[in-house]
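Colleague: Input protein_11.pdb, format and content: PDB, C-alpha atoms and all ligand atoms.
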```
MODEL        1
ATOM      1  CA  MET A   1      82.107 101.552  66.015  1.00  0.00           C
ATOM      2  CA  GLY A   2      80.242 104.758  65.334  1.00  0.00           C
ATOM      3  CA  VAL A   3      77.681 106.473  67.490  1.00  0.00           C
ATOM      4  CA  LYS A   4      76.533 104.389  70.464  1.00  0.00           C
ATOM      5  CA  ARG A   5      72.822 104.395  71.250  1.00  0.00           C
ATOM      6  CA  ILE A   6      72.315 102.342  74.378  1.00  0.00           C
ATOM      7  CA  VAL A   7      69.322 101.635  76.607  1.00  0.00           C
ATOM      8  CA  LEU A   8      69.830 100.584  80.223  1.00  0.00           C
ATOM      9  CA  PHE A   9      66.777  98.868  81.492  1.00  0.00           C
ATOM     10  CA  GLY A  10      65.665  97.061  84.622  1.00  0.00           C
ATOM     11  CA  ALA A  11      63.373  97.369  87.626  1.00  0.00           C
ATOM     12  CA  PRO A  12      63.424 100.475  89.829  1.00  0.00           C
ATOM     13  CA  GLY A  13      66.436 100.001  92.115  1.00  0.00           C
ATOM     14  CA  ALA A  14      68.200  97.650  89.695  1.00  0.00           C
ATOM     15  CA  GLY A  15      71.098 100.101  89.485  1.00  0.00           C
ATOM     16  CA  LYS A  16      70.347 101.790  86.156  1.00  0.00           C
ATOM     17  CA  GLY A  17      71.176 105.313  87.311  1.00  0.00           C
ATOM     18  CA  THR A  18      74.450 104.396  89.010  1.00  0.00           C
ATOM     19  CA  GLN A  19      75.554 102.259  86.100  1.00  0.00           C
ATOM     20  CA  ALA A  20      74.495 104.780  83.460  1.00  0.00           C
ATOM     21  CA  GLU A  21      76.532 107.489  85.173  1.00  0.00           C
ATOM     22  CA  TRP A  22      79.549 105.212  85.386  1.00  0.00           C
ATOM     23  CA  LEU A  23      79.280 104.022  81.789  1.00  0.00           C
ATOM     24  CA  CYS A  24      78.762 107.517  80.389  1.00  0.00           C
ATOM     25  CA  ASN A  25      81.884 108.796  82.159  1.00  0.00           C
ATOM     26  CA  ALA A  26      83.886 105.777  81.021  1.00  0.00           C
ATOM     27  CA  VAL A  27      83.015 105.949  77.327  1.00  0.00           C
ATOM     28  CA  ASP A  28      81.943 109.586  76.958  1.00  0.00           C
ATOM     29  CA  LEU A  29      78.234 109.285  76.337  1.00  0.00           C
ATOM     30  CA  ALA A  30      75.360 111.576  77.304  1.00  0.00           C
ATOM     31  CA  HIS A  31      73.436 110.211  80.290  1.00  0.00           C
ATOM     32  CA  LEU A  32      69.751 110.689  79.469  1.00  0.00           C
ATOM     33  CA  SER A  33      67.707 109.832  82.564  1.00  0.00           C
ATOM     34  CA  THR A  34      63.996 110.479  82.156  1.00  0.00           C
ATOM     35  CA  GLY A  35      63.544 110.237  85.957  1.00  0.00           C
ATOM     36  CA  ASP A  36      66.103 113.043  86.481  1.00  0.00           C
ATOM     37  CA  MET A  37      64.607 115.136  83.664  1.00  0.00           C
ATOM     38  CA  LEU A  38      61.107 114.752  85.068  1.00  0.00           C
ATOM     39  CA  ARG A  39      62.201 115.473  88.675  1.00  0.00           C
ATOM     40  CA  SER A  40      63.915 118.619  87.438  1.00  0.00           C
ATOM     41  CA  ALA A  41      60.764 119.620  85.496  1.00  0.00           C
ATOM     42  CA  VAL A  42      58.678 119.103  88.653  1.00  0.00           C
ATOM     43  CA  ALA A  43      61.115 121.161  90.766  1.00  0.00           C
ATOM     44  CA  ASN A  44      61.064 123.959  88.179  1.00  0.00           C
ATOM     45  CA  LYS A  45      57.258 123.758  87.840  1.00  0.00           C
ATOM     46  CA  THR A  46      57.439 123.605  84.034  1.00  0.00           C
ATOM     47  CA  GLU A  47      54.452 122.518  81.945  1.00  0.00           C
ATOM     48  CA  VAL A  48      55.888 118.988  81.726  1.00  0.00           C
ATOM     49  CA  GLY A  49      56.554 119.028  85.481  1.00  0.00           C
ATOM     50  CA  LEU A  50      52.969 119.998  86.265  1.00  0.00           C
ATOM     51  CA  LYS A  51      51.697 117.136  84.093  1.00  0.00           C
ATOM     52  CA  ALA A  52      54.121 114.590  85.586  1.00  0.00           C
ATOM     53  CA  LYS A  53      54.015 115.436  89.304  1.00  0.00           C
ATOM     54  CA  SER A  54      50.974 113.496  90.512  1.00  0.00           C
ATOM     55  CA  PHE A  55      51.918 110.359  88.575  1.00  0.00           C
ATOM     56  CA  MET A  56      55.443 110.378  89.943  1.00  0.00           C
ATOM     57  CA  GLU A  57      54.362 110.907  93.525  1.00  0.00           C
ATOM     58  CA  ALA A  58      51.988 107.957  93.242  1.00  0.00           C
ATOM     59  CA  GLY A  59      54.735 105.741  91.782  1.00  0.00           C
ATOM     60  CA  LYS A  60      52.836 105.503  88.476  1.00  0.00           C
ATOM     61  CA  LEU A  61      54.225 105.921  84.997  1.00  0.00           C
ATOM     62  CA  VAL A  62      53.931 109.373  83.473  1.00  0.00           C
ATOM     63  CA  PRO A  63      51.804 109.306  80.256  1.00  0.00           C
ATOM     64  CA  ASP A  64      53.733 108.219  77.159  1.00  0.00           C
ATOM     65  CA  ASP A  65      53.191 111.425  75.155  1.00  0.00           C
ATOM     66  CA  VAL A  66      54.687 113.566  77.934  1.00  0.00           C
ATOM     67  CA  VAL A  67      57.786 111.383  78.342  1.00  0.00           C
ATOM     68  CA  VAL A  68      58.334 110.865  74.618  1.00  0.00           C
ATOM     69  CA  GLY A  69      58.354 114.660  74.088  1.00  0.00           C
ATOM     70  CA  VAL A  70      61.007 115.048  76.787  1.00  0.00           C
ATOM     71  CA  VAL A  71      63.202 112.338  75.262  1.00  0.00           C
ATOM     72  CA  VAL A  72      62.946 113.670  71.697  1.00  0.00           C
ATOM     73  CA  ASP A  73      64.298 117.027  72.918  1.00  0.00           C
ATOM     74  CA  ALA A  74      67.011 115.425  75.044  1.00  0.00           C
ATOM     75  CA  ILE A  75      68.297 113.252  72.207  1.00  0.00           C
ATOM     76  CA  ALA A  76      68.394 116.244  69.858  1.00  0.00           C
ATOM     77  CA  GLN A  77      70.368 118.275  72.421  1.00  0.00           C
ATOM     78  CA  SER A  78      72.775 115.422  73.179  1.00  0.00           C
ATOM     79  CA  ALA A  79      73.727 115.071  69.511  1.00  0.00           C
ATOM     80  CA  LYS A  80      75.217 118.580  69.718  1.00  0.00           C
ATOM     81  CA  SER A  81      77.017 118.196  73.045  1.00  0.00           C
ATOM     82  CA  THR A  82      78.048 114.510  72.964  1.00  0.00           C
ATOM     83  CA  PRO A  83      78.365 113.219  69.385  1.00  0.00           C
ATOM     84  CA  ASN A  84      79.707 109.867  70.633  1.00  0.00           C
ATOM     85  CA  GLY A  85      76.173 108.819  71.581  1.00  0.00           C
ATOM     86  CA  TYR A  86      73.987 108.363  74.630  1.00  0.00           C
ATOM     87  CA  ALA A  87      72.707 105.940  77.237  1.00  0.00           C
ATOM     88  CA  LEU A  88      69.001 106.136  77.971  1.00  0.00           C
ATOM     89  CA  ASP A  89      68.258 105.428  81.639  1.00  0.00           C
ATOM     90  CA  GLY A  90      64.614 104.765  82.487  1.00  0.00           C
ATOM     91  CA  PHE A  91      63.307 105.065  78.921  1.00  0.00           C
ATOM     92  CA  PRO A  92      61.553 103.346  77.216  1.00  0.00           C
ATOM     93  CA  ARG A  93      59.343 101.917  79.932  1.00  0.00           C
ATOM     94  CA  THR A  94      56.341 100.850  77.815  1.00  0.00           C
ATOM     95  CA  LEU A  95      55.896  99.247  74.397  1.00  0.00           C
ATOM     96  CA  PRO A  96      54.383 102.437  72.897  1.00  0.00           C
ATOM     97  CA  GLN A  97      57.463 104.352  74.133  1.00  0.00           C
ATOM     98  CA  ALA A  98      59.761 101.755  72.540  1.00  0.00           C
ATOM     99  CA  GLU A  99      57.851 102.052  69.271  1.00  0.00           C
ATOM    100  CA  ALA A 100      57.942 105.862  69.387  1.00  0.00           C
ATOM    101  CA  LEU A 101      61.712 105.679  69.917  1.00  0.00           C
ATOM    102  CA  ARG A 102      62.144 103.225  67.050  1.00  0.00           C
ATOM    103  CA  GLU A 103      60.104 105.417  64.692  1.00  0.00           C
ATOM    104  CA  MET A 104      61.895 108.581  65.730  1.00  0.00           C
ATOM    105  CA  LEU A 105      65.315 106.999  65.099  1.00  0.00           C
ATOM    106  CA  ALA A 106      64.239 105.277  61.879  1.00  0.00           C
ATOM    107  CA  LYS A 107      63.448 108.687  60.368  1.00  0.00           C
ATOM    108  CA  ARG A 108      67.189 109.382  60.621  1.00  0.00           C
ATOM    109  CA  SER A 109      68.217 105.829  59.609  1.00  0.00           C
ATOM    110  CA  GLU A 110      69.373 105.211  63.176  1.00  0.00           C
ATOM    111  CA  ASN A 111      68.576 102.535  65.705  1.00  0.00           C
ATOM    112  CA  ILE A 112      69.323 101.472  69.262  1.00  0.00           C
ATOM    113  CA  ASN A 113      72.421  99.269  69.085  1.00  0.00           C
ATOM    114  CA  LEU A 114      72.425  97.786  72.577  1.00  0.00           C
ATOM    115  CA  VAL A 115      69.861  97.227  75.316  1.00  0.00           C
ATOM    116  CA  VAL A 116      71.287  96.123  78.653  1.00  0.00           C
ATOM    117  CA  LEU A 117      68.821  94.475  80.996  1.00  0.00           C
ATOM    118  CA  ILE A 118      70.172  94.731  84.543  1.00  0.00           C
ATOM    119  CA  ASN A 119      68.590  91.724  86.169  1.00  0.00           C
ATOM    120  CA  THR A 120      68.457  92.262  89.927  1.00  0.00           C
ATOM    121  CA  PRO A 121      66.757  89.998  92.504  1.00  0.00           C
ATOM    122  CA  GLU A 122      63.683  91.525  94.141  1.00  0.00           C
ATOM    123  CA  GLU A 123      65.099  91.359  97.719  1.00  0.00           C
ATOM    124  CA  LEU A 124      68.082  93.432  96.628  1.00  0.00           C
ATOM    125  CA  ILE A 125      65.830  95.912  94.836  1.00  0.00           C
ATOM    126  CA  LEU A 126      63.690  96.427  97.927  1.00  0.00           C
ATOM    127  CA  GLU A 127      66.753  96.911 100.096  1.00  0.00           C
ATOM    128  CA  ARG A 128      68.318  99.389  97.682  1.00  0.00           C
ATOM    129  CA  LEU A 129      65.173 101.487  97.311  1.00  0.00           C
ATOM    130  CA  THR A 130      64.453 101.732 101.023  1.00  0.00           C
ATOM    131  CA  GLN A 131      68.097 102.593 101.832  1.00  0.00           C
ATOM    132  CA  ARG A 132      68.420 105.172  99.050  1.00  0.00           C
ATOM    133  CA  ARG A 133      68.796 108.834  99.981  1.00  0.00           C
ATOM    134  CA  SER A 134      69.028 111.559  97.356  1.00  0.00           C
ATOM    135  CA  CYS A 135      70.216 115.131  97.104  1.00  0.00           C
ATOM    136  CA  PRO A 136      67.065 117.218  96.426  1.00  0.00           C
ATOM    137  CA  ASP A 137      68.949 119.775  94.312  1.00  0.00           C
ATOM    138  CA  PRO A 138      68.274 118.869  90.654  1.00  0.00           C
ATOM    139  CA  LYS A 139      71.596 120.480  89.662  1.00  0.00           C
ATOM    140  CA  CYS A 140      73.437 118.026  91.945  1.00  0.00           C
ATOM    141  CA  GLY A 141      71.209 114.946  92.181  1.00  0.00           C
ATOM    142  CA  ALA A 142      73.818 112.826  94.032  1.00  0.00           C
ATOM    143  CA  VAL A 143      72.472 109.482  95.214  1.00  0.00           C
ATOM    144  CA  TYR A 144      73.548 107.588  98.356  1.00  0.00           C
ATOM    145  CA  ASN A 145      72.770 104.300 100.020  1.00  0.00           C
ATOM    146  CA  LEU A 146      72.675 104.262 103.813  1.00  0.00           C
ATOM    147  CA  LYS A 147      74.447 100.899 103.867  1.00  0.00           C
ATOM    148  CA  SER A 148      76.663 100.617 100.807  1.00  0.00           C
ATOM    149  CA  LYS A 149      77.409 104.270 100.017  1.00  0.00           C
ATOM    150  CA  PRO A 150      76.627 106.476 103.027  1.00  0.00           C
ATOM    151  CA  PRO A 151      77.411 110.218 102.912  1.00  0.00           C
ATOM    152  CA  LYS A 152      80.519 111.272 104.884  1.00  0.00           C
ATOM    153  CA  LYS A 153      78.348 113.306 107.265  1.00  0.00           C
ATOM    154  CA  ALA A 154      74.992 111.698 108.096  1.00  0.00           C
ATOM    155  CA  GLY A 155      72.089 113.289 106.219  1.00  0.00           C
ATOM    156  CA  VAL A 156      74.231 115.767 104.244  1.00  0.00           C
ATOM    157  CA  CYS A 157      75.214 115.669 100.565  1.00  0.00           C
ATOM    158  CA  ASP A 158      79.002 115.244 100.153  1.00  0.00           C
ATOM    159  CA  GLN A 159      78.964 117.204  96.928  1.00  0.00           C
ATOM    160  CA  CYS A 160      76.846 120.272  97.662  1.00  0.00           C
ATOM    161  CA  GLY A 161      76.067 120.239 101.409  1.00  0.00           C
ATOM    162  CA  LYS A 162      72.239 120.110 101.031  1.00  0.00           C
ATOM    163  CA  ALA A 163      70.168 117.994 103.436  1.00  0.00           C
ATOM    164  CA  LEU A 164      69.512 114.584 101.888  1.00  0.00           C
ATOM    165  CA  VAL A 165      65.947 113.353 101.442  1.00  0.00           C
ATOM    166  CA  GLN A 166      64.187 110.099 100.792  1.00  0.00           C
ATOM    167  CA  ARG A 167      62.476 110.426  97.408  1.00  0.00           C
ATOM    168  CA  ASN A 168      58.688 110.449  97.870  1.00  0.00           C
ATOM    169  CA  ASP A 169      58.454 107.484  95.544  1.00  0.00           C
ATOM    170  CA  ASP A 170      61.069 105.509  97.526  1.00  0.00           C
ATOM    171  CA  ARG A 171      58.676 105.130 100.465  1.00  0.00           C
ATOM    172  CA  PRO A 172      57.533 101.538 101.029  1.00  0.00           C
ATOM    173  CA  GLU A 173      53.886 102.169 100.070  1.00  0.00           C
ATOM    174  CA  THR A 174      54.905 103.622  96.687  1.00  0.00           C
ATOM    175  CA  ILE A 175      57.639 101.099  95.938  1.00  0.00           C
ATOM    176  CA  SER A 176      55.146  98.277  95.424  1.00  0.00           C
ATOM    177  CA  THR A 177      53.170 100.377  92.892  1.00  0.00           C
ATOM    178  CA  ARG A 178      56.402 101.085  90.996  1.00  0.00           C
ATOM    179  CA  LEU A 179      57.389  97.426  90.949  1.00  0.00           C
ATOM    180  CA  GLN A 180      53.934  96.453  89.707  1.00  0.00           C
ATOM    181  CA  ALA A 181      54.189  99.037  86.909  1.00  0.00           C
ATOM    182  CA  TYR A 182      57.580  97.583  86.007  1.00  0.00           C
ATOM    183  CA  ARG A 183      56.325  93.998  85.860  1.00  0.00           C
ATOM    184  CA  LYS A 184      53.233  94.896  83.844  1.00  0.00           C
ATOM    185  CA  GLU A 185      54.400  97.667  81.500  1.00  0.00           C
ATOM    186  CA  THR A 186      58.177  97.498  81.250  1.00  0.00           C
ATOM    187  CA  GLU A 187      59.244  93.870  81.560  1.00  0.00           C
ATOM    188  CA  PRO A 188      57.656  92.922  78.195  1.00  0.00           C
ATOM    189  CA  LEU A 189      60.276  95.150  76.563  1.00  0.00           C
ATOM    190  CA  ALA A 190      62.867  92.419  77.191  1.00  0.00           C
ATOM    191  CA  ALA A 191      61.126  90.190  74.640  1.00  0.00           C
ATOM    192  CA  TYR A 192      60.697  93.136  72.258  1.00  0.00           C
ATOM    193  CA  TYR A 193      64.418  93.938  72.251  1.00  0.00           C
ATOM    194  CA  LYS A 194      65.432  90.281  72.272  1.00  0.00           C
ATOM    195  CA  LYS A 195      63.487  89.845  69.060  1.00  0.00           C
ATOM    196  CA  ALA A 196      65.279  92.871  67.638  1.00  0.00           C
ATOM    197  CA  GLY A 197      68.586  91.108  68.471  1.00  0.00           C
ATOM    198  CA  VAL A 198      69.995  93.884  70.658  1.00  0.00           C
ATOM    199  CA  LEU A 199      69.297  92.601  74.192  1.00  0.00           C
ATOM    200  CA  VAL A 200      72.057  91.627  76.611  1.00  0.00           C
ATOM    201  CA  ASP A 201      70.887  90.305  79.969  1.00  0.00           C
ATOM    202  CA  ILE A 202      73.356  90.767  82.825  1.00  0.00           C
ATOM    203  CA  PRO A 203      73.107  90.031  86.575  1.00  0.00           C
ATOM    204  CA  GLY A 204      72.673  93.184  88.686  1.00  0.00           C
ATOM    205  CA  SER A 205      74.028  91.624  91.879  1.00  0.00           C
ATOM    206  CA  GLY A 206      77.574  92.232  93.129  1.00  0.00           C
ATOM    207  CA  SER A 207      79.466  95.480  93.580  1.00  0.00           C
ATOM    208  CA  VAL A 208      78.956  98.554  91.399  1.00  0.00           C
ATOM    209  CA  TYR A 209      82.295  97.738  89.720  1.00  0.00           C
ATOM    210  CA  GLU A 210      81.388  94.131  89.026  1.00  0.00           C
ATOM    211  CA  VAL A 211      78.150  95.169  87.334  1.00  0.00           C
ATOM    212  CA  ALA A 212      79.927  98.000  85.492  1.00  0.00           C
ATOM    213  CA  GLY A 213      82.493  95.499  84.190  1.00  0.00           C
ATOM    214  CA  ARG A 214      79.713  93.311  82.773  1.00  0.00           C
ATOM    215  CA  ILE A 215      78.148  96.297  81.015  1.00  0.00           C
ATOM    216  CA  LEU A 216      81.461  97.507  79.641  1.00  0.00           C
ATOM    217  CA  GLU A 217      82.119  94.042  78.252  1.00  0.00           C
ATOM    218  CA  ALA A 218      78.782  94.151  76.382  1.00  0.00           C
ATOM    219  CA  VAL A 219      79.614  97.622  75.034  1.00  0.00           C
ATOM    220  CA  ALA A 220      83.087  96.478  73.930  1.00  0.00           C
ATOM    221  CA  LYS A 221      81.590  93.508  72.031  1.00  0.00           C
ATOM    222  CA  LEU A 222      79.313  95.940  70.278  1.00  0.00           C
ATOM    223  CA  GLY A 223      82.388  97.778  69.035  1.00  0.00           C
ATOM    224  CA  ARG A 224      83.871  94.571  67.626  1.00  0.00           C
ATOM    225  CA  HIS A 225      80.738  93.491  65.763  1.00  0.00           C
ATOM    226  CA  ALA A 226      79.767  96.821  64.265  1.00  0.00           C
TER     227      ALA A 226
HETATM  228  P1  LIG B   1      63.259 106.761  87.922  1.00  0.00           P
HETATM  229  O1  LIG B   1      64.129 107.805  88.520  1.00  0.00           O
HETATM  230  O2  LIG B   1      63.773 106.256  86.596  1.00  0.00           O
HETATM  231  O3  LIG B   1      62.926 105.649  88.876  1.00  0.00           O
HETATM  232  O4  LIG B   1      61.870 107.482  87.560  1.00  0.00           O
HETATM  233  C1  LIG B   1      61.086 108.076  88.575  1.00  0.00           C
HETATM  234  C2  LIG B   1      59.648 108.235  88.111  1.00  0.00           C
HETATM  235  O5  LIG B   1      59.599 109.067  86.947  1.00  0.00           O
HETATM  236  C3  LIG B   1      58.963 106.949  87.690  1.00  0.00           C
HETATM  237  O6  LIG B   1      58.429 106.219  88.793  1.00  0.00           O
HETATM  238  C4  LIG B   1      57.862 107.508  86.781  1.00  0.00           C
HETATM  239  O7  LIG B   1      56.819 108.104  87.530  1.00  0.00           O
HETATM  240  C5  LIG B   1      58.593 108.628  86.060  1.00  0.00           C
HETATM  241  N1  LIG B   1      59.240 108.140  84.821  1.00  0.00           N
HETATM  242  C6  LIG B   1      60.579 108.111  84.544  1.00  0.00           C
HETATM  243  N2  LIG B   1      60.800 107.613  83.327  1.00  0.00           N
HETATM  244  C7  LIG B   1      59.585 107.304  82.801  1.00  0.00           C
HETATM  245  C8  LIG B   1      59.137 106.733  81.575  1.00  0.00           C
HETATM  246  N3  LIG B   1      60.003 106.360  80.612  1.00  0.00           N
HETATM  247  N4  LIG B   1      57.797 106.564  81.402  1.00  0.00           N
HETATM  248  C9  LIG B   1      56.911 106.934  82.323  1.00  0.00           C
HETATM  249  N5  LIG B   1      57.262 107.453  83.518  1.00  0.00           N
HETATM  250  C10 LIG B   1      58.589 107.652  83.761  1.00  0.00           C
ENDMDL
END
```
How would this structure read if it were set down as structure tokens?
Ligand code: AMP

Modeller:
Amino acid sequence: MGVKRIVLFGAPGAGKGTQAEWLCNAVDLAHLSTGDMLRSAVANKTEVGLKAKSFMEAGKLVPDDVVVGVVVDAIAQSAKSTPNGYALDGFPRTLPQAEALREMLAKRSENINLVVLINTPEELILERLTQRRSCPDPKCGAVYNLKSKPPKKAGVCDQCGKALVQRNDDRPETISTRLQAYRKETEPLAAYYKKAGVLVDIPGSGSVYEVAGRILEAVAKLGRHA
């Protein structure tokens, strides 16, 4: 098939970031993570970063207009560097964002061809978020799990040697706000994309490779039908 425009969607901690990275390496797509873009904007104190910071620290969603602007730019850039397509990770997260994306693509006679919902049980999500440790350097951004993917040397990033941190929004008090935002604002997108005929719902439990295999299967089917 032609250009792949994929959305990976699921609760915080469902494995979107890990899977998006894996998928994008496997089939040569641009990995467009709004969380990573916003964290980098906050670290660099850009105008977007200053607008996003307080929302992110509180575990709340950043306002739609701010995020949509970031994504429009990222998609335009990715078309130059990775013509094969992209996987959006963490966007859209609200119905207005999904509509803005649809309208933006429709102007170019494009659409999203696959939305993968990574369906992960809540106990697993809570465990993953509390065990997650991240490299604070936005240029590196490596992510670890104290149980399933610990760094070689405790507390130190394998890739760049920086001291690992727990993301502010991975602390228990913020996690519940993020999960509530997911249930209220983001979960309704499953019905939206189901109606559009592009939703594939896969279980997020099992190893990284098991989940990756399920996603790759959905992407391969897309190739056959298009
Ligand atoms: P993530 O790394 O995807 O969990 O995103 C971290 C945080 O960035 C979220 O808790 C939100 O505060 C913000 N964020 C990321 N993507 C979006 C989005 N599409 N809409 C609103 N806020 C977002």

Colleague: Pick out the residues sitting within 7 Å of A:Thr120, and hand them over as a ChimeraX atom specification; count all atoms listed in the file, and ignore anything fewer than 4 positions along from it in its own chain.

Modeller: /A:14,124-125,203-205

Colleague: Check every protein, DNA and RNA residue against ligand LIG 1 (chain B), keep those with an atom at most 7 Å away (counting all atoms listed in the file), and present them as a PyMOL selection string.

Modeller: chain A and resi 12+33-36+38+55-56+59-64+67+89-94+169+178

Colleague: Can you translate the PyMOL selection byres (((chain A and resi 140) around 12) and not hetatm) into the concrete residues it hits in this file, as a PyMOL selection string?

Modeller: chain A and resi 36+39-40+134-139+141-143+157-164

Colleague: Convert the current residue selection to file output with C-alpha atoms, as an mmCIF file, keeping the file's coordinate frame.

Modeller:
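The resulting again34.cif:
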```
data_model
loop_
_atom_site.group_PDB
_atom_site.id
_atom_site.type_symbol
_atom_site.label_atom_id
_atom_site.label_comp_id
_atom_site.auth_asym_id
_atom_site.auth_seq_id
_atom_site.Cartn_x
_atom_site.Cartn_y
_atom_site.Cartn_z
ATOM 1 C CA ASP A 36 66.103 113.043 86.481
ATOM 2 C CA ARG A 39 62.201 115.473 88.675
ATOM 3 C CA SER A 40 63.915 118.619 87.438
ATOM 4 C CA SER A 134 69.028 111.559 97.356
ATOM 5 C CA CYS A 135 70.216 115.131 97.104
ATOM 6 C CA PRO A 136 67.065 117.218 96.426
ATOM 7 C CA ASP A 137 68.949 119.775 94.312
ATOM 8 C CA PRO A 138 68.274 118.869 90.654
ATOM 9 C CA LYS A 139 71.596 120.480 89.662
ATOM 10 C CA GLY A 141 71.209 114.946 92.181
ATOM 11 C CA ALA A 142 73.818 112.826 94.032
ATOM 12 C CA VAL A 143 72.472 109.482 95.214
ATOM 13 C CA CYS A 157 75.214 115.669 100.565
ATOM 14 C CA ASP A 158 79.002 115.244 100.153
ATOM 15 C CA GLN A 159 78.964 117.204 96.928
ATOM 16 C CA CYS A 160 76.846 120.272 97.662
ATOM 17 C CA GLY A 161 76.067 120.239 101.409
ATOM 18 C CA LYS A 162 72.239 120.110 101.031
ATOM 19 C CA ALA A 163 70.168 117.994 103.436
ATOM 20 C CA LEU A 164 69.512 114.584 101.888
#
```

Colleague: Given the choices A:Val71, A:Leu189, A:Val211, A:Ala196, which gets closest to A:Leu114 if the distance is worked out from all atoms listed in the file?

Modeller: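 The closest residue to A:Leu114 is A:Ala196.
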
Colleague: Calculate how many Å separate atom CA of A:Gln19 from atom CA of A:Arg132, rounding to one decimal.

Modeller: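 A separation of 15.1 Å between them.
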
Colleague: Of the residues A:Thr130, A:Gln77, A:Ser148, A:Asn84, which is the one nearest to A:Gly206, using only C-alpha atoms?

Modeller: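 For A:Gly206, the nearest of the candidates is A:Ser148.
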
Colleague: May I ask for the distance between atom CA of A:Arg5 and atom CA of A:Asn113, given in Å to one decimal place?

Modeller: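 Atom-to-atom, atom CA of A:Arg5 to atom CA of A:Asn113, that is 5.6 Å.
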
Colleague: When the PyMOL selection byres (((chain A and resi 173-176) around 8) and not hetatm) is applied to the file above, which residues end up in the set, as number ranges by chain?

Modeller: A: 57-59, 126, 129, 168-172, 177-180

Colleague: So, with all atoms listed in the file as the atoms that count, which of A:Leu50, A:Met104, A:Val165, A:Val7 lies closest to A:Ala20?

Modeller: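 So, comparing all the options, the nearest one is A:Val7.
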
Colleague: Since the input is missing atoms, can you rebuild all heavy atoms for stretch 73-77 of chain A and write them as a short mmCIF file (atom, residue, chain, number, x, y, z; two decimals), in the frame of the given file?

Modeller:
```cif
data_model
loop_
_atom_site.label_atom_id
_atom_site.label_comp_id
_atom_site.auth_asym_id
_atom_site.auth_seq_id
_atom_site.Cartn_x
_atom_site.Cartn_y
_atom_site.Cartn_z
N ASP A 73 63.49 115.81 72.73
CA ASP A 73 64.30 117.03 72.92
C ASP A 73 65.68 116.67 73.45
O ASP A 73 66.69 117.22 73.00
CB ASP A 73 63.63 117.98 73.93
CG ASP A 73 62.36 118.58 73.36
OD1 ASP A 73 62.15 118.45 72.14
OD2 ASP A 73 61.58 119.16 74.13
N ALA A 74 65.72 115.76 74.42
CA ALA A 74 67.01 115.42 75.04
C ALA A 74 67.96 114.77 74.05
O ALA A 74 69.16 115.07 74.03
CB ALA A 74 66.77 114.51 76.24
N ILE A 75 67.43 113.91 73.19
CA ILE A 75 68.30 113.25 72.21
C ILE A 75 68.83 114.29 71.21
O ILE A 75 70.01 114.29 70.87
CB ILE A 75 67.54 112.10 71.49
CG1 ILE A 75 67.35 110.95 72.47
CG2 ILE A 75 68.30 111.63 70.25
CD1 ILE A 75 66.63 109.73 71.91
N ALA A 76 67.95 115.21 70.80
CA ALA A 76 68.39 116.24 69.86
C ALA A 76 69.51 117.09 70.47
O ALA A 76 70.52 117.38 69.84
CB ALA A 76 67.20 117.12 69.46
N GLN A 77 69.34 117.47 71.74
CA GLN A 77 70.37 118.28 72.42
C GLN A 77 71.68 117.51 72.55
O GLN A 77 72.75 118.04 72.36
CB GLN A 77 69.90 118.61 73.86
CG GLN A 77 68.84 119.68 73.94
CD GLN A 77 69.35 120.99 73.37
OE1 GLN A 77 70.51 121.35 73.54
NE2 GLN A 77 68.48 121.69 72.63
#
```
